[in-house]
>>> print(open('target_38.txt').read())   # compact mmCIF, C-alpha atoms
# COMPACT_ATOMS: atom_id res chain seq x y z
CA MET A 1 26.72 -13.25 -10.69
CA PRO A 2 24.36 -11.31 -12.96
CA GLN A 3 25.70 -10.92 -16.47
CA PHE A 4 24.79 -7.82 -18.39
CA GLU A 5 25.58 -6.95 -21.94
CA LYS A 6 28.38 -4.38 -21.99
CA LYS A 7 26.83 -0.94 -22.45
CA PRO A 8 28.32 1.76 -24.64
CA GLU A 9 29.81 4.74 -22.82
CA TRP A 10 26.91 7.02 -23.69
CA LEU A 11 24.34 4.92 -21.81
CA LYS A 12 24.93 6.33 -18.34
CA SER A 13 22.30 7.58 -15.96
CA LYS A 14 22.61 9.39 -12.62
CA PHE A 15 21.02 8.08 -9.42
CA ASN A 16 20.49 10.18 -6.31
CA ARG A 17 19.20 7.92 -3.51
CA ASP A 18 17.63 10.53 -1.27
CA ALA A 19 15.85 12.41 -4.05
CA VAL A 20 14.43 9.16 -5.42
CA ASN A 21 13.25 8.03 -1.99
CA VAL A 22 11.33 11.27 -1.31
CA VAL A 23 9.29 10.98 -4.51
CA ALA A 24 8.91 7.21 -4.28
CA LYS A 25 7.46 7.48 -0.76
CA LEU A 26 5.01 10.20 -1.72
CA LEU A 27 3.73 8.14 -4.65
CA SER A 28 3.54 4.98 -2.57
CA ASP A 29 1.58 6.77 0.19
CA LEU A 30 -0.97 7.88 -2.41
CA LYS A 31 -1.13 4.37 -3.92
CA LEU A 32 -0.03 5.71 -7.30
CA ASN A 33 1.95 3.85 -9.93
CA THR A 34 4.47 5.46 -12.23
CA VAL A 35 5.71 4.15 -15.52
CA CYS A 36 9.13 5.33 -14.34
CA LYS A 37 9.18 2.53 -11.79
CA GLU A 38 7.12 -0.12 -13.58
CA ALA A 39 9.11 0.21 -16.79
CA ASN A 40 12.41 0.48 -14.92
CA CYS A 41 13.13 3.74 -16.70
CA PRO A 42 16.80 4.69 -16.89
CA ASN A 43 15.89 8.34 -16.27
CA LEU A 44 14.05 7.70 -13.00
CA GLY A 45 16.90 9.12 -10.91
CA GLU A 46 17.11 12.33 -12.92
CA CYS A 47 13.36 12.86 -13.13
CA PHE A 48 12.59 12.08 -9.48
CA GLU A 49 15.41 14.41 -8.45
CA LYS A 50 13.66 17.13 -10.45
CA HIS A 51 10.36 16.11 -8.80
CA THR A 52 8.84 14.94 -12.06
CA ALA A 53 7.23 11.61 -12.79
CA THR A 54 4.93 9.99 -15.31
CA PHE A 55 1.85 8.62 -13.59
CA MET A 56 0.56 5.26 -14.72
CA ILE A 57 -3.15 4.87 -14.10
CA LEU A 58 -5.56 1.94 -14.31
CA GLY A 59 -3.33 -0.46 -12.40
CA SER A 60 0.07 -1.99 -12.95
CA GLN A 61 -0.98 -5.07 -14.94
CA CYS A 62 -1.32 -4.79 -18.70
CA THR A 63 -3.73 -6.79 -20.85
CA ARG A 64 -1.21 -6.88 -23.69
CA ASN A 65 2.19 -8.52 -23.82
CA CYS A 66 4.46 -6.35 -25.91
CA ARG A 67 7.90 -7.88 -26.23
CA PHE A 68 9.82 -4.70 -25.41
CA CYS A 69 7.97 -3.55 -22.31
CA ASN A 70 8.77 -4.19 -18.66
CA VAL A 71 5.21 -3.56 -17.44
CA VAL A 72 3.74 -6.81 -16.14
CA HIS A 73 1.26 -8.67 -18.35
CA GLY A 74 -1.56 -10.11 -16.27
CA ALA A 75 -5.12 -9.97 -15.05
CA PRO A 76 -6.27 -6.35 -14.97
CA GLN A 77 -6.96 -4.69 -11.64
CA LYS A 78 -10.14 -3.00 -10.46
CA VAL A 79 -10.34 0.64 -11.54
CA ASP A 80 -9.70 2.85 -8.49
CA PRO A 81 -12.29 5.67 -8.37
CA GLU A 82 -10.02 7.64 -6.02
CA GLU A 83 -7.10 7.53 -8.42
CA PRO A 84 -7.84 10.85 -10.20
CA LYS A 85 -8.00 12.71 -6.86
CA HIS A 86 -4.82 11.03 -5.60
CA LEU A 87 -3.06 11.90 -8.81
CA ALA A 88 -4.04 15.57 -8.52
CA GLU A 89 -2.90 15.56 -4.89
CA ALA A 90 0.50 14.18 -5.90
CA ALA A 91 0.82 16.74 -8.70
CA LYS A 92 0.09 19.50 -6.17
CA LYS A 93 2.58 18.16 -3.61
CA LEU A 94 5.26 17.81 -6.25
CA ASN A 95 4.38 21.27 -7.59
CA LEU A 96 4.24 19.90 -11.12
CA ARG A 97 3.67 22.46 -13.86
CA HIS A 98 3.31 19.77 -16.52
CA VAL A 99 1.79 16.40 -15.70
CA VAL A 100 2.20 13.31 -17.86
CA ILE A 101 -0.26 10.46 -17.45
CA THR A 102 -0.09 7.10 -19.12
CA SER A 103 -1.75 3.76 -18.45
CA VAL A 104 -1.48 0.09 -18.96
CA THR A 105 -3.53 -1.09 -21.93
CA ARG A 106 -7.01 -2.04 -20.74
CA ASP A 107 -8.60 -4.00 -23.56
CA ASP A 108 -10.96 -5.44 -20.93
CA LEU A 109 -12.70 -2.09 -20.34
CA ALA A 110 -15.47 -1.01 -22.71
CA ASP A 111 -13.95 2.47 -23.08
CA GLY A 112 -10.33 1.27 -22.93
CA GLY A 113 -9.87 3.41 -19.80
CA ALA A 114 -10.77 6.67 -21.55
CA MET A 115 -13.03 7.89 -18.76
CA GLN A 116 -10.33 7.41 -16.13
CA PHE A 117 -7.93 9.46 -18.26
CA ALA A 118 -10.60 12.15 -18.55
CA GLU A 119 -11.33 12.16 -14.81
CA CYS A 120 -7.63 12.60 -14.09
CA ILE A 121 -7.43 15.54 -16.48
CA TYR A 122 -10.53 17.16 -14.93
CA GLU A 123 -9.08 16.80 -11.42
CA LEU A 124 -5.75 18.28 -12.50
CA LYS A 125 -7.48 21.22 -14.15
CA LYS A 126 -9.19 22.05 -10.84
CA LEU A 127 -5.80 22.83 -9.29
CA ASP A 128 -4.77 26.45 -8.90
CA PRO A 129 -2.60 27.03 -10.82
CA ALA A 130 -3.69 24.24 -13.14
CA PRO A 131 -0.81 22.32 -14.70
CA THR A 132 -0.60 21.54 -18.38
CA VAL A 133 -1.48 17.92 -19.03
CA GLU A 134 -0.08 15.36 -21.44
CA VAL A 135 -1.68 11.94 -21.82
CA LEU A 136 0.17 9.02 -23.33
CA ILE A 137 -2.67 6.77 -24.33
CA PRO A 138 -2.93 3.20 -25.60
CA ASP A 139 -4.65 2.74 -28.96
CA MET A 140 -8.00 2.04 -27.24
CA LYS A 141 -8.54 -0.37 -30.13
CA GLY A 142 -9.00 2.69 -32.34
CA ASP A 143 -12.44 3.29 -30.78
CA LYS A 144 -13.42 6.83 -31.76
CA ALA A 145 -16.01 7.13 -28.97
CA ALA A 146 -13.29 6.35 -26.43
CA LEU A 147 -10.88 8.81 -28.01
CA ASP A 148 -13.65 11.45 -27.96
CA ILE A 149 -13.87 11.10 -24.16
CA VAL A 150 -10.16 11.88 -23.80
CA ILE A 151 -10.29 14.70 -26.36
CA ALA A 152 -13.27 16.30 -24.57
CA ALA A 153 -11.20 16.63 -21.39
CA LYS A 154 -8.85 18.95 -23.31
CA PRO A 155 -5.35 17.89 -22.36
CA GLU A 156 -2.68 20.05 -23.96
CA VAL A 157 -0.95 17.03 -25.52
CA ILE A 158 -2.20 13.64 -26.63
CA ASN A 159 0.62 11.21 -27.19
CA HIS A 160 0.31 7.77 -28.69
CA ASN A 161 3.49 5.92 -29.46
CA VAL A 162 3.88 3.98 -32.69
CA GLU A 163 6.95 2.46 -30.95
CA THR A 164 8.70 0.92 -33.97
CA VAL A 165 8.69 0.53 -37.74
CA PRO A 166 5.88 -1.57 -39.25
CA SER A 167 8.12 -4.48 -40.30
CA LEU A 168 8.91 -5.16 -36.62
CA TYR A 169 5.37 -5.05 -35.26
CA SER A 170 4.84 -8.81 -35.25
CA ALA A 171 8.02 -9.35 -33.24
CA VAL A 172 7.76 -6.32 -30.95
CA ARG A 173 4.08 -5.32 -30.68
CA PRO A 174 2.19 -8.44 -31.76
CA GLU A 175 -1.18 -7.25 -30.44
CA ALA A 176 -0.95 -3.79 -31.95
CA ASP A 177 -1.43 -2.49 -35.47
CA TYR A 178 0.74 0.18 -37.12
CA LYS A 179 -2.08 1.61 -39.21
CA ARG A 180 -4.43 1.71 -36.22
CA SER A 181 -1.85 3.68 -34.24
CA LEU A 182 -1.48 6.16 -37.10
CA ASP A 183 -5.27 6.41 -37.28
CA VAL A 184 -5.40 7.32 -33.57
CA LEU A 185 -3.00 10.21 -34.14
CA ARG A 186 -4.85 11.31 -37.28
CA TYR A 187 -8.26 11.20 -35.60
CA VAL A 188 -7.13 13.27 -32.62
CA LYS A 189 -5.63 15.96 -34.84
CA GLU A 190 -8.69 16.09 -37.11
CA LYS A 191 -11.08 16.27 -34.18
CA ALA A 192 -9.07 18.70 -32.06
CA PRO A 193 -6.47 20.65 -34.06
CA ASP A 194 -5.56 22.71 -30.98
CA ILE A 195 -4.37 19.67 -29.06
CA ARG A 196 -0.73 18.87 -29.78
CA THR A 197 -0.24 15.32 -30.95
CA LYS A 198 2.91 13.43 -30.21
CA THR A 199 4.41 10.05 -30.92
CA GLY A 200 7.66 8.23 -30.34
CA ILE A 201 9.73 5.29 -31.41
CA MET A 202 12.52 3.13 -30.05
CA VAL A 203 15.49 2.35 -32.26
CA GLY A 204 18.05 -0.42 -32.02
CA LEU A 205 15.51 -3.18 -32.64
CA GLY A 206 16.78 -4.03 -36.10
CA GLU A 207 15.11 -1.27 -38.14
CA THR A 208 16.91 0.41 -41.03
CA LYS A 209 17.40 4.14 -41.43
CA ALA A 210 15.22 4.07 -44.53
CA GLU A 211 12.42 2.53 -42.47
CA VAL A 212 12.75 5.24 -39.81
CA PHE A 213 12.59 7.99 -42.44
CA SER A 214 9.54 6.35 -44.02
CA LEU A 215 7.87 6.11 -40.60
CA MET A 216 8.50 9.85 -40.10
CA ASP A 217 6.59 10.51 -43.33
CA ASP A 218 3.70 8.28 -42.22
CA VAL A 219 3.49 10.02 -38.84
CA LEU A 220 3.75 13.52 -40.33
CA ALA A 221 0.89 12.71 -42.69
CA THR A 222 -1.36 12.36 -39.61
CA GLY A 223 -0.60 15.99 -38.67
CA CYS A 224 1.54 14.99 -35.69
CA ASP A 225 3.47 17.83 -34.01
CA ILE A 226 6.02 16.25 -31.66
CA PHE A 227 8.29 13.28 -32.30
CA THR A 228 10.59 11.42 -29.90
CA ILE A 229 13.29 8.84 -30.63
CA GLY A 230 15.20 6.84 -28.03
CA GLN A 231 17.33 3.72 -27.77
CA TYR A 232 15.49 0.47 -27.03
CA LEU A 233 16.89 -0.95 -23.78
CA ARG A 234 16.15 -4.56 -22.97
CA PRO A 235 14.49 -4.88 -19.55
CA SER A 236 15.41 -8.56 -19.10
CA GLU A 237 16.51 -11.70 -20.90
CA GLU A 238 12.84 -12.45 -21.54
CA HIS A 239 12.43 -9.43 -23.80
CA VAL A 240 13.42 -8.92 -27.42
CA PRO A 241 17.17 -8.37 -27.72
CA VAL A 242 18.88 -5.11 -28.56
CA ARG A 243 20.13 -5.44 -32.14
CA GLU A 244 22.19 -2.27 -32.08
CA TYR A 245 23.23 0.48 -29.71
CA VAL A 246 22.58 3.39 -32.04
CA ARG A 247 25.34 5.99 -31.83
CA PRO A 248 24.50 9.53 -30.61
CA GLU A 249 25.44 11.04 -33.99
CA VAL A 250 22.78 8.89 -35.67
CA PHE A 251 20.21 10.25 -33.20
CA ASP A 252 21.37 13.74 -34.24
CA GLU A 253 20.86 12.79 -37.88
CA TYR A 254 17.35 11.50 -37.12
CA LYS A 255 16.53 14.73 -35.29
CA GLN A 256 17.76 16.92 -38.13
CA THR A 257 15.85 14.91 -40.71
CA ALA A 258 12.66 14.90 -38.65
CA LEU A 259 12.81 18.69 -38.25
CA GLU A 260 13.49 19.18 -41.96
CA LYS A 261 10.55 16.95 -42.79
CA GLY A 262 8.28 19.18 -40.74
CA PHE A 263 7.87 18.12 -37.11
CA SER A 264 7.69 21.19 -34.90
CA PHE A 265 9.56 19.60 -31.97
CA VAL A 266 11.85 16.58 -31.93
CA ALA A 267 13.65 14.92 -29.02
CA SER A 268 16.18 12.37 -30.21
CA SER A 269 18.98 10.89 -28.13
CA PRO A 270 19.81 7.51 -26.60
CA LEU A 271 18.05 8.06 -23.26
CA VAL A 272 15.02 9.93 -24.58
CA ARG A 273 11.75 8.32 -23.49
CA SER A 274 8.42 9.61 -24.73
CA SER A 275 7.75 11.63 -21.59
CA TYR A 276 11.36 12.68 -20.89
CA ARG A 277 11.43 16.45 -20.32
CA ALA A 278 7.94 16.56 -21.83
CA GLY A 279 7.20 19.90 -20.20
CA GLU A 280 10.11 21.49 -22.05
CA ALA A 281 8.77 20.15 -25.35
CA LEU A 282 5.37 21.71 -24.73
CA ALA A 283 6.87 25.00 -23.53
CA THR A 284 8.97 25.22 -26.70
CA GLU A 285 5.89 24.43 -28.77
CA GLU A 286 3.80 27.08 -27.03
CA MET A 287 6.40 29.76 -27.76
CA LYS A 288 5.90 29.20 -31.48
CA MET B 289 28.92 11.08 11.78
CA LYS B 290 29.38 8.17 9.40
CA GLU B 291 27.15 7.56 6.42
CA LYS B 292 26.71 4.13 4.83
CA ILE B 293 26.36 3.85 1.08
CA THR B 294 24.48 0.72 0.11
CA MET B 295 23.73 -1.01 -3.18
CA PRO B 296 20.55 0.73 -4.35
CA LYS B 297 17.56 -1.16 -5.68
CA LEU B 298 17.46 0.23 -9.19
CA SER B 299 14.50 -1.84 -10.35
CA ASP B 300 11.80 -3.96 -8.74
CA ARG B 301 13.37 -7.20 -9.90
CA MET B 302 16.95 -6.27 -9.03
CA GLU B 303 18.58 -8.54 -6.44
CA LYS B 304 22.23 -7.79 -7.15
CA GLY B 305 24.11 -5.11 -9.01
CA VAL B 306 27.53 -5.29 -10.61
CA LEU B 307 29.90 -2.61 -9.41
CA VAL B 308 31.63 -1.73 -12.65
CA ALA B 309 33.70 1.30 -11.62
CA TRP B 310 34.85 3.27 -8.61
CA ASP B 311 35.07 6.99 -9.28
CA LYS B 312 36.46 7.76 -5.79
CA ASN B 313 39.07 6.19 -3.45
CA VAL B 314 39.48 5.92 0.32
CA GLY B 315 40.53 9.32 1.66
CA ASP B 316 38.93 11.27 -1.17
CA GLU B 317 36.75 14.23 -0.32
CA VAL B 318 33.39 14.06 -2.04
CA LYS B 319 30.80 16.72 -2.64
CA LYS B 320 27.08 16.05 -2.61
CA GLY B 321 26.04 14.95 -6.10
CA GLU B 322 29.48 13.75 -7.19
CA VAL B 323 29.58 10.24 -8.62
CA LEU B 324 30.91 7.67 -6.13
CA PHE B 325 30.67 4.48 -8.17
CA GLU B 326 28.90 2.95 -11.15
CA VAL B 327 26.49 0.02 -11.17
CA GLU B 328 25.49 -1.86 -14.31
CA THR B 329 21.94 -3.15 -14.69
CA ASN B 330 20.01 -4.59 -17.61
CA LYS B 331 19.37 -1.23 -19.21
CA VAL B 332 22.18 1.19 -18.39
CA VAL B 333 25.17 2.02 -16.21
CA ASN B 334 23.92 3.96 -13.18
CA GLU B 335 26.17 6.61 -11.71
CA ILE B 336 25.52 6.59 -7.96
CA GLU B 337 25.81 10.05 -6.45
CA ALA B 338 27.04 11.02 -2.98
CA PRO B 339 24.05 12.07 -0.85
CA CYS B 340 26.09 14.67 1.09
CA ASP B 341 29.60 16.14 1.48
CA GLY B 342 32.19 13.96 3.22
CA VAL B 343 35.39 11.92 3.11
CA ILE B 344 35.42 8.24 2.11
CA THR B 345 36.73 6.11 4.97
CA ASP B 346 36.05 2.54 3.85
CA VAL B 347 35.19 0.64 0.70
CA TYR B 348 34.08 -2.98 0.94
CA PHE B 349 33.83 -4.11 -2.66
CA GLU B 350 35.96 -3.97 -5.77
CA GLU B 351 35.19 -3.33 -9.43
CA GLY B 352 33.61 -6.42 -10.92
CA ASP B 353 31.91 -7.54 -7.70
CA ALA B 354 28.23 -8.45 -7.76
CA VAL B 355 26.71 -6.90 -4.65
CA GLU B 356 23.35 -7.70 -3.07
CA VAL B 357 20.82 -4.88 -2.85
CA GLY B 358 21.11 -3.20 0.55
CA LYS B 359 24.69 -4.31 1.30
CA THR B 360 27.05 -1.59 2.46
CA ILE B 361 29.47 -0.72 -0.33
CA ALA B 362 31.28 2.18 1.30
CA GLU B 363 31.22 4.44 4.33
CA TYR B 364 32.18 8.02 4.65
CA GLU B 365 32.53 10.67 7.31
CA VAL B 366 29.89 13.30 6.76
CA LYS B 367 31.14 16.89 6.78
>>> encode(input="target_38.txt", output="structure tokens")
Amino acid sequence: MPQFEKKPEWLKSKFNRDAVNVVAKLLSDLKLNTVCKEANCPNLGECFEKHTATFMILGSQCTRNCRFCNVVHGAPQKVDPEEPKHLAEAAKKLNLRHVVITSVTRDDLADGGAMQFAECIYELKKLDPAPTVEVLIPDMKGDKAALDIVIAAKPEVINHNVETVPSLYSAVRPEADYKRSLDVLRYVKEKAPDIRTKTGIMVGLGETKAEVFSLMDDVLATGCDIFTIGQYLRPSEEHVPVREYVRPEVFDEYKQTALEKGFSFVASSPLVRSSYRAGEALATEEMK
Amino acid sequence: MKEKITMPKLSDRMEKGVLVAWDKNVGDEVKKGEVLFEVETNKVVNEIEAPCDGVITDVYFEEGDAVEVGKTIAEYEVK
């Protein structure tokens, strides 16, 4: 019998079979991956029921092996030239007003996958009405030429997650670099001030509150607009363990502090993921 | 018409799910979207919603049971 760590009462998620199946079939027919499915997202039921999803381009195999992530580490797949068109078709069929695109990390590609991100944005912007677009990009090794390709496609939001506090990088993101991730956010904002920048972290990995507050300062110093905080949830026994189920009132405290420090939009609660209700975040931002 | 409620596949690697709570009993009327039962997986407790209105006629598993994906957990008469 499978044994699961007892979850606190606030970690509950709704699942509607029929709604999930409709969206899952559409995505499967168009040969599209979603991070919702690949990362075993706890919000999949809610988001698919609302006909929203976060597309994951450039295959389902990641060239990095982060210790928190459920996406499979393995040999990268061939880039599908039809993927941008399929993605736009899915966005149209789902009537998405805000589209979130992420990818596996593709350290094997010279541009880190930047051109595929750009092609997807261009295809989405051809739709009438064109949706707003948010891209959740890997660090692309900090390559400015690659970042320029994504910036030139003019998505409304460029998100790059710093994921956790710097002291935990070696255990959680061994192939990433905290400073490089901050530099990605800084470069995007300097190059394109009109594009909203966004980042997010997971908590419950063993970080202290002081470290989270310090990270907020580091991120704000890059000019970042939107900040998300959610509970780390262990995908399997092979991943780093949950050190703490952070209580909802602590998420409220983080949100309050982040807003006081100067972020213009903050989403902070146990089941927040970086693309959860992303359209609402942008809509709130645009009203300012 | 009877509707079968099966153990959903909540992740690609899921083979079984642990039924941790029943929110409804045999004979209960359920509305579409109401929670029928709860299944624990690695990440969270999933509240499984009724796909349509009906009355529960049979339940085949108890709280604490590990149920294979696809197995019928309950049946109900669709209204």
>>> closest_residue(input="target_38.txt", among="A:Leu58, A:Val242, A:Leu27, A:Ala53", to="chain B", atoms="all atoms listed in the file")
A:Val242
>>> interface_residues(input="target_38.txt", of="chain B", to="chain A", cutoff="6 Å", atoms="all atoms listed in the file", output="short mmCIF file (atom, residue, chain, number, x, y, z; two decimals) with C-alpha atoms, in the coordinates of the input")
data_model
loop_
_atom_site.label_atom_id
_atom_site.label_comp_id
_atom_site.auth_asym_id
_atom_site.auth_seq_id
_atom_site.Cartn_x
_atom_site.Cartn_y
_atom_site.Cartn_z
CA SER B 299 14.50 -1.84 -10.35
CA ASN B 330 20.01 -4.59 -17.61
CA LYS B 331 19.37 -1.23 -19.21
CA VAL B 332 22.18 1.19 -18.39
CA VAL B 333 25.17 2.02 -16.21
CA ASN B 334 23.92 3.96 -13.18
CA GLU B 335 26.17 6.61 -11.71
CA ILE B 336 25.52 6.59 -7.96
CA GLU B 337 25.81 10.05 -6.45
CA ALA B 354 28.23 -8.45 -7.76
#
>>> residues_around(input="target_38.txt", residues="Ile293 (chain B)", least_positions_apart="6", cutoff="10 Å", atoms="all atoms listed in the file", output="list in words")
Arg17 of chain A; Leu324, Ile336, Glu337, Ala338, Pro339, Val347, Gly358, Lys359, Thr360, Ile361, Ala362, Glu363 and Tyr364 of chain B
>>> residues_around(input="target_38.txt", residues="Gly305 (chain B)", least_positions_apart="4", cutoff="9 Å", atoms="only C-alpha atoms", output="ChimeraX atom specification")
/A:1-2 /B:295-298,327-329,353-357
>>> closest_residue(input="target_38.txt", among="B:Val318, B:Val323, B:Met302, B:Ala309", to="Glu350 (chain B)", atoms="all atoms listed in the file")
B:Ala309
>>> residues_near_point(input="target_38.txt", point="(17.1, 13.5, -42.4)", cutoff="12 Å", atoms="only C-alpha atoms", output="MDAnalysis selection string")
chainID A and resid 209:217 250:263
>>> closest_residue(input="target_38.txt", among="B:Thr294, B:Lys367, B:Gly321, B:Asp311", to="Tyr348 (chain B)", atoms="all atoms listed in the file")
B:Thr294
>>> atom_distance(input="target_38.txt", atom1="CA of Val104 (chain A)", atom2="CA of Glu244 (chain A)")
27.2 Å
>>> decode(input="target_38.txt", residues="region 112-181 of chain A", atoms="C-alpha atoms", output="PDB file, in the first residue's frame")
ATOM      1  CA  GLY A 112      18.593  27.723 -24.872  1.00  0.00           C
ATOM      2  CA  GLY A 113      15.259  27.439 -26.702  1.00  0.00           C
ATOM      3  CA  ALA A 114      14.768  31.207 -26.977  1.00  0.00           C
ATOM      4  CA  MET A 115      13.679  31.105 -30.616  1.00  0.00           C
ATOM      5  CA  GLN A 116      10.990  28.521 -29.909  1.00  0.00           C
ATOM      6  CA  PHE A 117       9.628  30.737 -27.126  1.00  0.00           C
ATOM      7  CA  ALA A 118       9.626  33.665 -29.551  1.00  0.00           C
ATOM      8  CA  GLU A 119       7.897  31.684 -32.310  1.00  0.00           C
ATOM      9  CA  CYS A 120       5.171  30.665 -29.873  1.00  0.00           C
ATOM     10  CA  ILE A 121       4.636  34.285 -28.839  1.00  0.00           C
ATOM     11  CA  TYR A 122       4.478  35.414 -32.487  1.00  0.00           C
ATOM     12  CA  GLU A 123       1.901  32.729 -33.313  1.00  0.00           C
ATOM     13  CA  LEU A 124      -0.224  33.658 -30.308  1.00  0.00           C
ATOM     14  CA  LYS A 125      -0.120  37.337 -31.236  1.00  0.00           C
ATOM     15  CA  LYS A 126      -1.563  36.481 -34.667  1.00  0.00           C
ATOM     16  CA  LEU A 127      -4.795  35.325 -33.018  1.00  0.00           C
ATOM     17  CA  ASP A 128      -7.789  37.640 -33.052  1.00  0.00           C
ATOM     18  CA  PRO A 129      -8.246  38.659 -30.322  1.00  0.00           C
ATOM     19  CA  ALA A 130      -4.622  38.121 -29.349  1.00  0.00           C
ATOM     20  CA  PRO A 131      -4.162  36.810 -25.813  1.00  0.00           C
ATOM     21  CA  THR A 132      -1.705  38.297 -23.368  1.00  0.00           C
ATOM     22  CA  VAL A 133       1.353  36.088 -23.049  1.00  0.00           C
ATOM     23  CA  GLU A 134       3.511  35.163 -20.092  1.00  0.00           C
ATOM     24  CA  VAL A 135       6.689  33.140 -20.536  1.00  0.00           C
ATOM     25  CA  LEU A 136       8.306  31.288 -17.669  1.00  0.00           C
ATOM     26  CA  ILE A 137      11.822  30.846 -18.950  1.00  0.00           C
ATOM     27  CA  PRO A 138      14.852  28.893 -17.783  1.00  0.00           C
ATOM     28  CA  ASP A 139      17.997  30.926 -17.113  1.00  0.00           C
ATOM     29  CA  MET A 140      19.300  30.230 -20.650  1.00  0.00           C
ATOM     30  CA  LYS A 141      22.706  30.180 -18.978  1.00  0.00           C
ATOM     31  CA  GLY A 142      22.360  33.948 -18.604  1.00  0.00           C
ATOM     32  CA  ASP A 143      23.007  34.375 -22.342  1.00  0.00           C
ATOM     33  CA  LYS A 144      21.948  37.934 -23.179  1.00  0.00           C
ATOM     34  CA  ALA A 145      21.609  37.199 -26.907  1.00  0.00           C
ATOM     35  CA  ALA A 146      19.133  34.430 -26.086  1.00  0.00           C
ATOM     36  CA  LEU A 147      17.209  36.646 -23.690  1.00  0.00           C
ATOM     37  CA  ASP A 148      17.103  39.359 -26.383  1.00  0.00           C
ATOM     38  CA  ILE A 149      15.274  36.936 -28.704  1.00  0.00           C
ATOM     39  CA  VAL A 150      12.543  36.396 -26.109  1.00  0.00           C
ATOM     40  CA  ILE A 151      12.358  40.095 -25.223  1.00  0.00           C
ATOM     41  CA  ALA A 152      12.011  41.047 -28.908  1.00  0.00           C
ATOM     42  CA  ALA A 153       8.851  38.930 -29.170  1.00  0.00           C
ATOM     43  CA  LYS A 154       7.239  41.241 -26.594  1.00  0.00           C
ATOM     44  CA  PRO A 155       5.408  38.983 -24.190  1.00  0.00           C
ATOM     45  CA  GLU A 156       3.526  40.909 -21.516  1.00  0.00           C
ATOM     46  CA  VAL A 157       5.302  39.046 -18.703  1.00  0.00           C
ATOM     47  CA  ILE A 158       8.688  37.377 -18.455  1.00  0.00           C
ATOM     48  CA  ASN A 159       8.932  35.110 -15.453  1.00  0.00           C
ATOM     49  CA  HIS A 160      12.052  33.398 -14.225  1.00  0.00           C
ATOM     50  CA  ASN A 161      11.856  31.612 -10.916  1.00  0.00           C
ATOM     51  CA  VAL A 162      14.660  31.889  -8.394  1.00  0.00           C
ATOM     52  CA  GLU A 163      12.900  28.930  -6.699  1.00  0.00           C
ATOM     53  CA  THR A 164      14.591  29.050  -3.281  1.00  0.00           C
ATOM     54  CA  VAL A 165      16.984  30.931  -1.032  1.00  0.00           C
ATOM     55  CA  PRO A 166      20.670  30.901  -2.015  1.00  0.00           C
ATOM     56  CA  SER A 167      21.801  28.691   0.888  1.00  0.00           C
ATOM     57  CA  LEU A 168      19.685  25.826  -0.493  1.00  0.00           C
ATOM     58  CA  TYR A 169      20.793  26.016  -4.122  1.00  0.00           C
ATOM     59  CA  SER A 170      23.373  23.243  -3.886  1.00  0.00           C
ATOM     60  CA  ALA A 171      20.800  20.852  -2.430  1.00  0.00           C
ATOM     61  CA  VAL A 172      17.797  21.927  -4.506  1.00  0.00           C
ATOM     62  CA  ARG A 173      19.065  23.479  -7.765  1.00  0.00           C
ATOM     63  CA  PRO A 174      22.622  22.168  -8.082  1.00  0.00           C
ATOM     64  CA  GLU A 175      23.010  23.172 -11.733  1.00  0.00           C
ATOM     65  CA  ALA A 176      21.635  26.670 -11.291  1.00  0.00           C
ATOM     66  CA  ASP A 177      23.113  29.844  -9.850  1.00  0.00           C
ATOM     67  CA  TYR A 178      21.229  32.314  -7.642  1.00  0.00           C
ATOM     68  CA  LYS A 179      23.106  35.350  -8.922  1.00  0.00           C
ATOM     69  CA  ARG A 180      22.640  34.292 -12.537  1.00  0.00           C
ATOM     70  CA  SER A 181      18.888  34.008 -11.992  1.00  0.00           C
TER      71      SER A 181
END
